>>> print(open('coords-v8.json').read())   # JSON, C-alpha atoms and all ligand atoms
[["chain", "number", "residue", "atom", "x", "y", "z"],
["A", 1, "MET", "CA", -31.19, -126.21, 126.78],
["A", 2, "ALA", "CA", -30.27, -128.09, 123.64],
["A", 3, "LYS", "CA", -27.82, -130.97, 123.72],
["A", 4, "LEU", "CA", -24.82, -131.67, 121.52],
["A", 5, "ASN", "CA", -23.93, -134.99, 119.99],
["A", 6, "VAL", "CA", -20.58, -135.02, 118.26],
["A", 7, "ASN", "CA", -20.09, -137.14, 115.16],
["A", 8, "ILE", "CA", -16.53, -138.49, 115.19],
["A", 9, "ASP", "CA", -16.55, -140.31, 111.82],
["A", 10, "HIS", "CA", -13.82, -137.98, 110.53],
["A", 11, "VAL", "CA", -11.40, -139.29, 113.16],
["A", 12, "ALA", "CA", -11.77, -142.72, 111.58],
["A", 13, "THR", "CA", -11.51, -141.20, 108.10],
["A", 14, "LEU", "CA", -8.06, -139.89, 109.01],
["A", 15, "ARG", "CA", -6.98, -143.18, 110.58],
["A", 16, "GLN", "CA", -8.13, -145.18, 107.55],
["A", 17, "GLN", "CA", -5.79, -143.11, 105.35],
["A", 18, "ARG", "CA", -2.91, -145.12, 106.88],
["A", 19, "LEU", "CA", -4.89, -148.14, 108.09],
["A", 20, "GLY", "CA", -3.09, -147.73, 111.42],
["A", 21, "LYS", "CA", -4.12, -146.99, 114.97],
["A", 22, "GLU", "CA", -3.98, -143.21, 115.02],
["A", 23, "PRO", "CA", -6.03, -141.19, 115.58],
["A", 24, "SER", "CA", -7.98, -143.43, 117.94],
["A", 25, "THR", "CA", -11.77, -143.10, 117.83],
["A", 26, "VAL", "CA", -11.94, -144.27, 121.44],
["A", 27, "ARG", "CA", -9.62, -141.49, 122.58],
["A", 28, "ALA", "CA", -11.56, -138.99, 120.51],
["A", 29, "ALA", "CA", -14.82, -140.14, 122.10],
["A", 30, "GLU", "CA", -13.26, -139.73, 125.54],
["A", 31, "VAL", "CA", -12.07, -136.20, 124.72],
["A", 32, "VAL", "CA", -15.51, -135.28, 123.37],
["A", 33, "GLU", "CA", -17.21, -136.56, 126.52],
["A", 34, "ALA", "CA", -14.67, -134.90, 128.83],
["A", 35, "ALA", "CA", -15.42, -131.60, 127.07],
["A", 36, "GLY", "CA", -19.07, -131.93, 128.05],
["A", 37, "ALA", "CA", -20.81, -133.29, 124.96],
["A", 38, "ASP", "CA", -24.03, -135.18, 125.59],
["A", 39, "GLY", "CA", -23.36, -138.03, 123.23],
["A", 40, "ILE", "CA", -21.22, -139.63, 120.57],
["A", 41, "THR", "CA", -22.46, -140.29, 117.06],
["A", 42, "ILE", "CA", -20.84, -142.67, 114.59],
["A", 43, "HIS", "CA", -21.99, -143.89, 111.20],
["A", 44, "LEU", "CA", -21.25, -147.49, 110.28],
["A", 45, "ARG", "CA", -21.48, -147.25, 106.52],
["A", 46, "GLU", "CA", -22.03, -150.31, 104.35],
["A", 47, "ASP", "CA", -18.75, -149.58, 102.51],
["A", 48, "ARG", "CA", -16.87, -149.14, 105.87],
["A", 49, "ARG", "CA", -15.08, -146.10, 104.48],
["A", 50, "HIS", "CA", -14.44, -144.66, 107.95],
["A", 51, "ILE", "CA", -15.92, -146.27, 111.06],
["A", 52, "GLN", "CA", -15.19, -150.02, 111.27],
["A", 53, "ASP", "CA", -17.10, -152.66, 113.20],
["A", 54, "PHE", "CA", -14.39, -152.74, 115.88],
["A", 55, "ASP", "CA", -14.79, -148.96, 116.41],
["A", 56, "VAL", "CA", -18.48, -149.40, 117.14],
["A", 57, "PHE", "CA", -17.93, -152.11, 119.75],
["A", 58, "ALA", "CA", -14.94, -150.33, 121.36],
["A", 59, "ILE", "CA", -16.77, -146.99, 121.58],
["A", 60, "LYS", "CA", -19.89, -148.67, 122.99],
["A", 61, "ASN", "CA", -17.70, -150.13, 125.74],
["A", 62, "ILE", "CA", -16.28, -146.81, 126.90],
["A", 63, "VAL", "CA", -19.10, -144.37, 126.26],
["A", 64, "LYS", "CA", -20.40, -142.76, 129.45],
["A", 65, "THR", "CA", -22.97, -140.51, 127.82],
["A", 66, "LYS", "CA", -24.96, -141.95, 124.92],
["A", 67, "LEU", "CA", -24.10, -143.66, 121.70],
["A", 68, "ASN", "CA", -26.07, -142.88, 118.56],
["A", 69, "LEU", "CA", -25.38, -145.24, 115.67],
["A", 70, "GLU", "CA", -26.23, -143.83, 112.26],
["A", 71, "MET", "CA", -26.96, -146.56, 109.76],
["A", 72, "ALA", "CA", -28.77, -147.70, 106.66],
["A", 73, "ALA", "CA", -31.69, -150.01, 107.43],
["A", 74, "SER", "CA", -29.97, -152.87, 105.64],
["A", 75, "LYS", "CA", -29.99, -156.46, 106.95],
["A", 76, "GLU", "CA", -26.24, -156.62, 107.50],
["A", 77, "ILE", "CA", -25.95, -153.36, 109.44],
["A", 78, "ILE", "CA", -29.10, -154.11, 111.46],
["A", 79, "ARG", "CA", -27.44, -157.36, 112.57],
["A", 80, "VAL", "CA", -24.36, -155.46, 113.81],
["A", 81, "ALA", "CA", -26.48, -152.78, 115.52],
["A", 82, "LEU", "CA", -28.56, -155.36, 117.40],
["A", 83, "LYS", "CA", -25.33, -156.87, 118.73],
["A", 84, "VAL", "CA", -23.78, -153.53, 119.71],
["A", 85, "ARG", "CA", -26.92, -152.16, 121.35],
["A", 86, "PRO", "CA", -26.30, -148.43, 121.08],
["A", 87, "ASN", "CA", -28.65, -146.13, 123.01],
["A", 88, "TRP", "CA", -30.32, -145.26, 119.75],
["A", 89, "VAL", "CA", -29.97, -145.75, 116.05],
["A", 90, "THR", "CA", -30.59, -143.10, 113.41],
["A", 91, "LEU", "CA", -31.79, -144.59, 110.15],
["A", 92, "VAL", "CA", -30.33, -142.78, 107.15],
["A", 93, "PRO", "CA", -30.36, -143.30, 103.38],
["A", 94, "GLU", "CA", -27.05, -144.42, 101.98],
["A", 95, "LYS", "CA", -25.56, -144.26, 98.52],
["A", 96, "ARG", "CA", -22.17, -145.70, 97.68],
["A", 97, "GLN", "CA", -20.86, -142.75, 95.68],
["A", 98, "GLU", "CA", -21.97, -139.93, 97.97],
["A", 99, "LEU", "CA", -19.40, -137.88, 99.90],
["A", 100, "THR", "CA", -21.71, -137.76, 102.90],
["A", 101, "THR", "CA", -25.38, -138.49, 103.60],
["A", 102, "GLU", "CA", -27.39, -136.68, 100.96],
["A", 103, "GLY", "CA", -30.92, -135.85, 101.99],
["A", 104, "GLY", "CA", -33.31, -137.52, 104.38],
["A", 105, "LEU", "CA", -34.70, -141.03, 104.40],
["A", 106, "ASP", "CA", -37.90, -141.60, 102.43],
["A", 107, "VAL", "CA", -39.84, -142.95, 105.40],
["A", 108, "ALA", "CA", -43.21, -142.39, 103.73],
["A", 109, "GLY", "CA", -42.19, -144.58, 100.80],
["A", 110, "GLN", "CA", -41.20, -147.59, 102.95],
["A", 111, "LYS", "CA", -43.37, -147.23, 106.04],
["A", 112, "ASN", "CA", -44.32, -150.87, 106.45],
["A", 113, "ARG", "CA", -40.76, -152.15, 106.18],
["A", 114, "LEU", "CA", -39.48, -149.51, 108.59],
["A", 115, "LYS", "CA", -42.24, -150.36, 111.08],
["A", 116, "LYS", "CA", -40.75, -153.86, 111.29],
["A", 117, "VAL", "CA", -37.23, -152.46, 111.71],
["A", 118, "VAL", "CA", -38.37, -150.18, 114.56],
["A", 119, "LYS", "CA", -39.98, -153.19, 116.28],
["A", 120, "LEU", "CA", -36.74, -155.17, 116.05],
["A", 121, "PHE", "CA", -34.82, -152.39, 117.79],
["A", 122, "HIS", "CA", -37.51, -151.73, 120.40],
["A", 123, "LYS", "CA", -37.42, -155.41, 121.38],
["A", 124, "LYS", "CA", -33.78, -154.82, 122.42],
["A", 125, "ASN", "CA", -34.59, -151.50, 124.13],
["A", 126, "ILE", "CA", -32.83, -149.50, 121.44],
["A", 127, "LEU", "CA", -34.54, -146.25, 120.50],
["A", 128, "VAL", "CA", -35.00, -145.31, 116.86],
["A", 129, "SER", "CA", -34.64, -141.98, 115.09],
["A", 130, "MET", "CA", -35.52, -141.28, 111.46],
["A", 131, "PHE", "CA", -33.28, -138.87, 109.57],
["A", 132, "VAL", "CA", -35.79, -136.98, 107.45],
["A", 133, "ASP", "CA", -36.06, -133.88, 105.33],
["A", 134, "PRO", "CA", -38.24, -131.19, 106.91],
["A", 135, "GLU", "CA", -41.40, -132.36, 105.15],
["A", 136, "MET", "CA", -44.77, -132.95, 106.78],
["A", 137, "LYS", "CA", -45.34, -136.31, 105.10],
["A", 138, "GLN", "CA", -41.96, -137.63, 106.30],
["A", 139, "VAL", "CA", -42.58, -136.45, 109.86],
["A", 140, "LYS", "CA", -46.05, -138.06, 109.93],
["A", 141, "ALA", "CA", -44.71, -141.27, 108.39],
["A", 142, "SER", "CA", -41.94, -141.40, 111.02],
["A", 143, "LYS", "CA", -44.57, -141.25, 113.75],
["A", 144, "ASP", "CA", -46.51, -144.04, 112.01],
["A", 145, "THR", "CA", -43.48, -146.34, 112.06],
["A", 146, "GLY", "CA", -43.35, -146.12, 115.86],
["A", 147, "ALA", "CA", -39.99, -144.27, 115.82],
["A", 148, "ASP", "CA", -39.10, -142.40, 118.99],
["A", 149, "PHE", "CA", -37.63, -139.36, 117.32],
["A", 150, "ILE", "CA", -36.73, -137.70, 114.11],
["A", 151, "GLU", "CA", -33.50, -136.03, 113.14],
["A", 152, "ILE", "CA", -34.30, -133.17, 110.80],
["A", 153, "HIS", "CA", -31.88, -133.02, 107.87],
["A", 154, "THR", "CA", -30.45, -129.50, 107.96],
["A", 155, "GLY", "CA", -28.15, -129.91, 104.95],
["A", 156, "THR", "CA", -30.25, -127.79, 102.60],
["A", 157, "TYR", "CA", -30.57, -125.03, 105.22],
["A", 158, "ALA", "CA", -26.80, -125.15, 105.74],
["A", 159, "ASP", "CA", -26.02, -124.97, 102.02],
["A", 160, "VAL", "CA", -28.22, -122.02, 101.02],
["A", 161, "LYS", "CA", -26.63, -119.20, 99.08],
["A", 162, "SER", "CA", -29.00, -116.35, 100.00],
["A", 163, "LYS", "CA", -30.83, -114.95, 102.99],
["A", 164, "LYS", "CA", -34.16, -115.52, 101.21],
["A", 165, "ALA", "CA", -33.37, -119.21, 100.67],
["A", 166, "GLU", "CA", -32.21, -119.53, 104.28],
["A", 167, "ASP", "CA", -35.50, -118.03, 105.54],
["A", 168, "LYS", "CA", -37.42, -120.52, 103.40],
["A", 169, "GLU", "CA", -35.45, -123.53, 104.67],
["A", 170, "PHE", "CA", -35.60, -122.28, 108.25],
["A", 171, "LEU", "CA", -39.39, -122.05, 108.03],
["A", 172, "LYS", "CA", -39.58, -125.62, 106.71],
["A", 173, "ILE", "CA", -37.50, -126.86, 109.65],
["A", 174, "LYS", "CA", -39.63, -124.87, 112.09],
["A", 175, "GLU", "CA", -42.89, -126.27, 110.70],
["A", 176, "ALA", "CA", -41.57, -129.83, 110.67],
["A", 177, "ALA", "CA", -40.36, -129.46, 114.24],
["A", 178, "ILE", "CA", -43.72, -128.04, 115.41],
["A", 179, "LEU", "CA", -45.54, -130.98, 113.81],
["A", 180, "ALA", "CA", -43.10, -133.49, 115.31],
["A", 181, "LYS", "CA", -43.62, -131.96, 118.73],
["A", 182, "LEU", "CA", -47.41, -132.12, 118.34],
["A", 183, "LEU", "CA", -47.05, -135.80, 117.42],
["A", 184, "GLY", "CA", -44.96, -136.44, 120.52],
["A", 185, "LEU", "CA", -41.70, -137.14, 118.72],
["A", 186, "LYS", "CA", -38.38, -136.05, 120.15],
["A", 187, "ILE", "CA", -36.57, -133.77, 117.70],
["A", 188, "ASN", "CA", -32.91, -133.81, 116.76],
["A", 189, "ALA", "CA", -31.28, -131.96, 113.89],
["A", 190, "GLY", "CA", -28.08, -132.22, 111.98],
["A", 191, "HIS", "CA", -25.97, -132.11, 108.85],
["A", 192, "GLY", "CA", -23.90, -129.19, 107.69],
["A", 193, "LEU", "CA", -24.32, -127.27, 110.92],
["A", 194, "ASN", "CA", -21.48, -125.03, 112.03],
["A", 195, "TYR", "CA", -20.58, -122.38, 114.57],
["A", 196, "SER", "CA", -22.74, -119.74, 112.88],
["A", 197, "ASN", "CA", -25.74, -121.46, 111.27],
["A", 198, "VAL", "CA", -26.61, -123.47, 114.40],
["A", 199, "MET", "CA", -27.58, -120.35, 116.35],
["A", 200, "ARG", "CA", -30.79, -119.63, 114.49],
["A", 201, "LEU", "CA", -31.97, -123.22, 114.96],
["A", 202, "ARG", "CA", -31.08, -123.24, 118.64],
["A", 203, "LYS", "CA", -33.28, -120.19, 119.18],
["A", 204, "LEU", "CA", -36.27, -122.17, 117.93],
["A", 205, "ASN", "CA", -36.29, -123.99, 121.26],
["A", 206, "LEU", "CA", -37.79, -127.04, 119.59],
["A", 207, "ILE", "CA", -34.67, -129.06, 118.84],
["A", 208, "GLU", "CA", -33.43, -131.21, 121.69],
["A", 209, "GLU", "CA", -30.16, -132.45, 120.27],
["A", 210, "PHE", "CA", -27.86, -131.27, 117.55],
["A", 211, "SER", "CA", -25.68, -133.81, 115.79],
["A", 212, "ILE", "CA", -22.57, -132.07, 114.49],
["A", 213, "GLY", "CA", -19.42, -133.56, 113.05],
["A", 214, "HIS", "CA", -17.52, -131.86, 110.26],
["A", 215, "SER", "CA", -17.33, -128.33, 111.64],
["A", 216, "VAL", "CA", -16.34, -129.47, 115.14],
["A", 217, "ILE", "CA", -13.56, -131.73, 113.84],
["A", 218, "ALA", "CA", -12.42, -128.93, 111.48],
["A", 219, "ALA", "CA", -12.34, -126.44, 114.38],
["A", 220, "SER", "CA", -10.32, -128.91, 116.44],
["A", 221, "ILE", "CA", -7.50, -128.53, 113.90],
["A", 222, "TYR", "CA", -7.40, -124.77, 114.33],
["A", 223, "ILE", "CA", -7.69, -125.04, 118.11],
["A", 224, "GLY", "CA", -5.41, -128.04, 118.63],
["A", 225, "LEU", "CA", -2.79, -128.02, 115.84],
["A", 226, "GLY", "CA", -0.64, -125.32, 117.44],
["A", 227, "LYS", "CA", -0.46, -127.26, 120.70],
["A", 228, "ALA", "CA", 0.48, -130.46, 118.89],
["A", 229, "VAL", "CA", 3.26, -128.67, 116.99],
["A", 230, "LYS", "CA", 4.63, -127.16, 120.22],
["A", 231, "GLU", "CA", 4.80, -130.60, 121.86],
["A", 232, "MET", "CA", 6.77, -132.03, 118.94],
["A", 233, "ILE", "CA", 9.14, -129.04, 118.92],
["A", 234, "LYS", "CA", 9.82, -129.60, 122.62],
["A", 235, "LEU", "CA", 10.81, -133.22, 121.91],
["A", 236, "ILE", "CA", 12.99, -132.42, 118.94],
["A", 237, "LYS", "CA", 14.88, -129.36, 120.14],
["B", 301, "LIG", "N1", -26.63, -136.40, 111.07],
["B", 301, "LIG", "C1", -26.57, -137.36, 110.12],
["B", 301, "LIG", "C2", -27.73, -138.27, 109.97],
["B", 301, "LIG", "C3", -25.42, -137.52, 109.33],
["B", 301, "LIG", "O1", -25.38, -138.48, 108.39],
["B", 301, "LIG", "C4", -24.32, -136.66, 109.55],
["B", 301, "LIG", "C5", -23.07, -136.86, 108.75],
["B", 301, "LIG", "O2", -22.51, -138.09, 109.01],
["B", 301, "LIG", "C6", -24.42, -135.68, 110.55],
["B", 301, "LIG", "C7", -25.59, -135.56, 111.27],
["B", 301, "LIG", "C8", -23.31, -134.75, 110.85],
["B", 301, "LIG", "O3", -23.14, -133.89, 109.74],
["B", 301, "LIG", "P1", -21.89, -132.91, 109.68],
["B", 301, "LIG", "O4", -20.67, -133.77, 109.67],
["B", 301, "LIG", "O5", -22.11, -132.15, 108.42],
["B", 301, "LIG", "O6", -21.95, -132.06, 110.91]]
>>> encode(input="coords-v8.json", output="structure tokens", more="lines below")
Ligand code: PXP
Amino acid sequence: MAKLNVNIDHVATLRQQRLGKEPSTVRAAEVVEAAGADGITIHLREDRRHIQDFDVFAIKNIVKTKLNLEMAASKEIIRVALKVRPNWVTLVPEKRQELTTEGGLDVAGQKNRLKKVVKLFHKKNILVSMFVDPEMKQVKASKDTGADFIEIHTGTYADVKSKKAEDKEFLKIKEAAILAKLLGLKINAGHGLNYSNVMRLRKLNLIEEFSIGHSVIAASIYIGLGKAVKEMIKLIK
């Protein structure tokens, strides 16, 4: 049975609009865990556009399941991550202007440097995942760095405009996952997944954990907004 990690960055995105206290990422993490999720994912970006350093420490303190910290392998963020000690880190590429993570990390192109980064985390008993496109060379390179798992970037699969393109992307993910399994890597997947496109991937029975943010937070508006309005009406009337 596959597991679900919920990415709650968008809760911080909303809070940062007012630079206030609401909505609280800690409360959101508690709600996510109470609903049965297997873990919490947050991305401490170099530009701190949503999650802040204090979020990471506060969430680490209350998390009962597992904390996955998504991050660029930059010196500054590595320093924070080593202090926080999440259960695992997912190394992602980061560009300042992007709306969200675009594409997987080029592990093959920086294998030696990433090997050293993996060692640093392993010394503190923090597991390491590489967020990679479903490409054989990236999966093999991830194994070579000593990483514990890969997270397959599903953004291209999620964005396809035709059934033919979806079949092609699905096959790439399947082949990458089979190779990762043969190499003994644990396999996660995420980016762009929603309540319909996740089903096909789940049926593969190769992906252990799905990391999903945007569509879950979006659905929470449809599911929760009515209740929130009713509570306010009760107070006002
Ligand atoms: N996995 C990684 C590595 C990500 O960067 C993100 C987005 O922050 C996600 C998963 C979740 O993607 P989405 O919000 O599209 O579900």
>>> residues_around(input="coords-v8.json", residues="Thr156 in chain A", least_positions_apart="3", cutoff="12 Å", atoms="only C-alpha atoms", output="VMD selection string")
chain A and resid 101 to 104 132 to 134 152 to 153 159 to 162 165 to 170 172 to 173 190 to 193 197
>>> residues_around(input="coords-v8.json", residues="Asn5 in chain A", least_positions_apart="4", cutoff="10 Å", atoms="only C-alpha atoms", output="number ranges by chain")
A: 32-33, 36-42, 65-68, 188, 190, 209-213
>>> closest_residue(input="coords-v8.json", among="A:Ala72, A:Val198, A:Ile8, A:Ala218", to="Pro23 in chain A", atoms="all atoms listed in the file")
A:Ile8
>>> residues_around(input="coords-v8.json", residues="Val117 in chain A", least_positions_apart="4", cutoff="9 Å", atoms="only C-alpha atoms", output="list in words")
Ala73, Ile78, Asn112, Arg113, Phe121, His122 and Thr145 of chain A
>>> closest_residue(input="coords-v8.json", among="A:Val139, A:Leu69, A:Ala180, A:Ile223", to="ligand LIG 301 (chain B)", atoms="only C-alpha atoms and all ligand atoms")
A:Leu69
>>> atom_distance(input="coords-v8.json", atom1="CA of Asn194 in chain A", atom2="atom O5 of ligand LIG 301 (chain B)")
8.0 Å
>>> axis_aligned_box(input="coords-v8.json", around="ligand LIG 301 (chain B)", padding_each_side="6 Å", output="JSON")
{"center_x": -24.2, "center_y": -135.3, "center_z": 109.8, "size_x": 19.1, "size_y": 18.4, "size_z": 14.9}
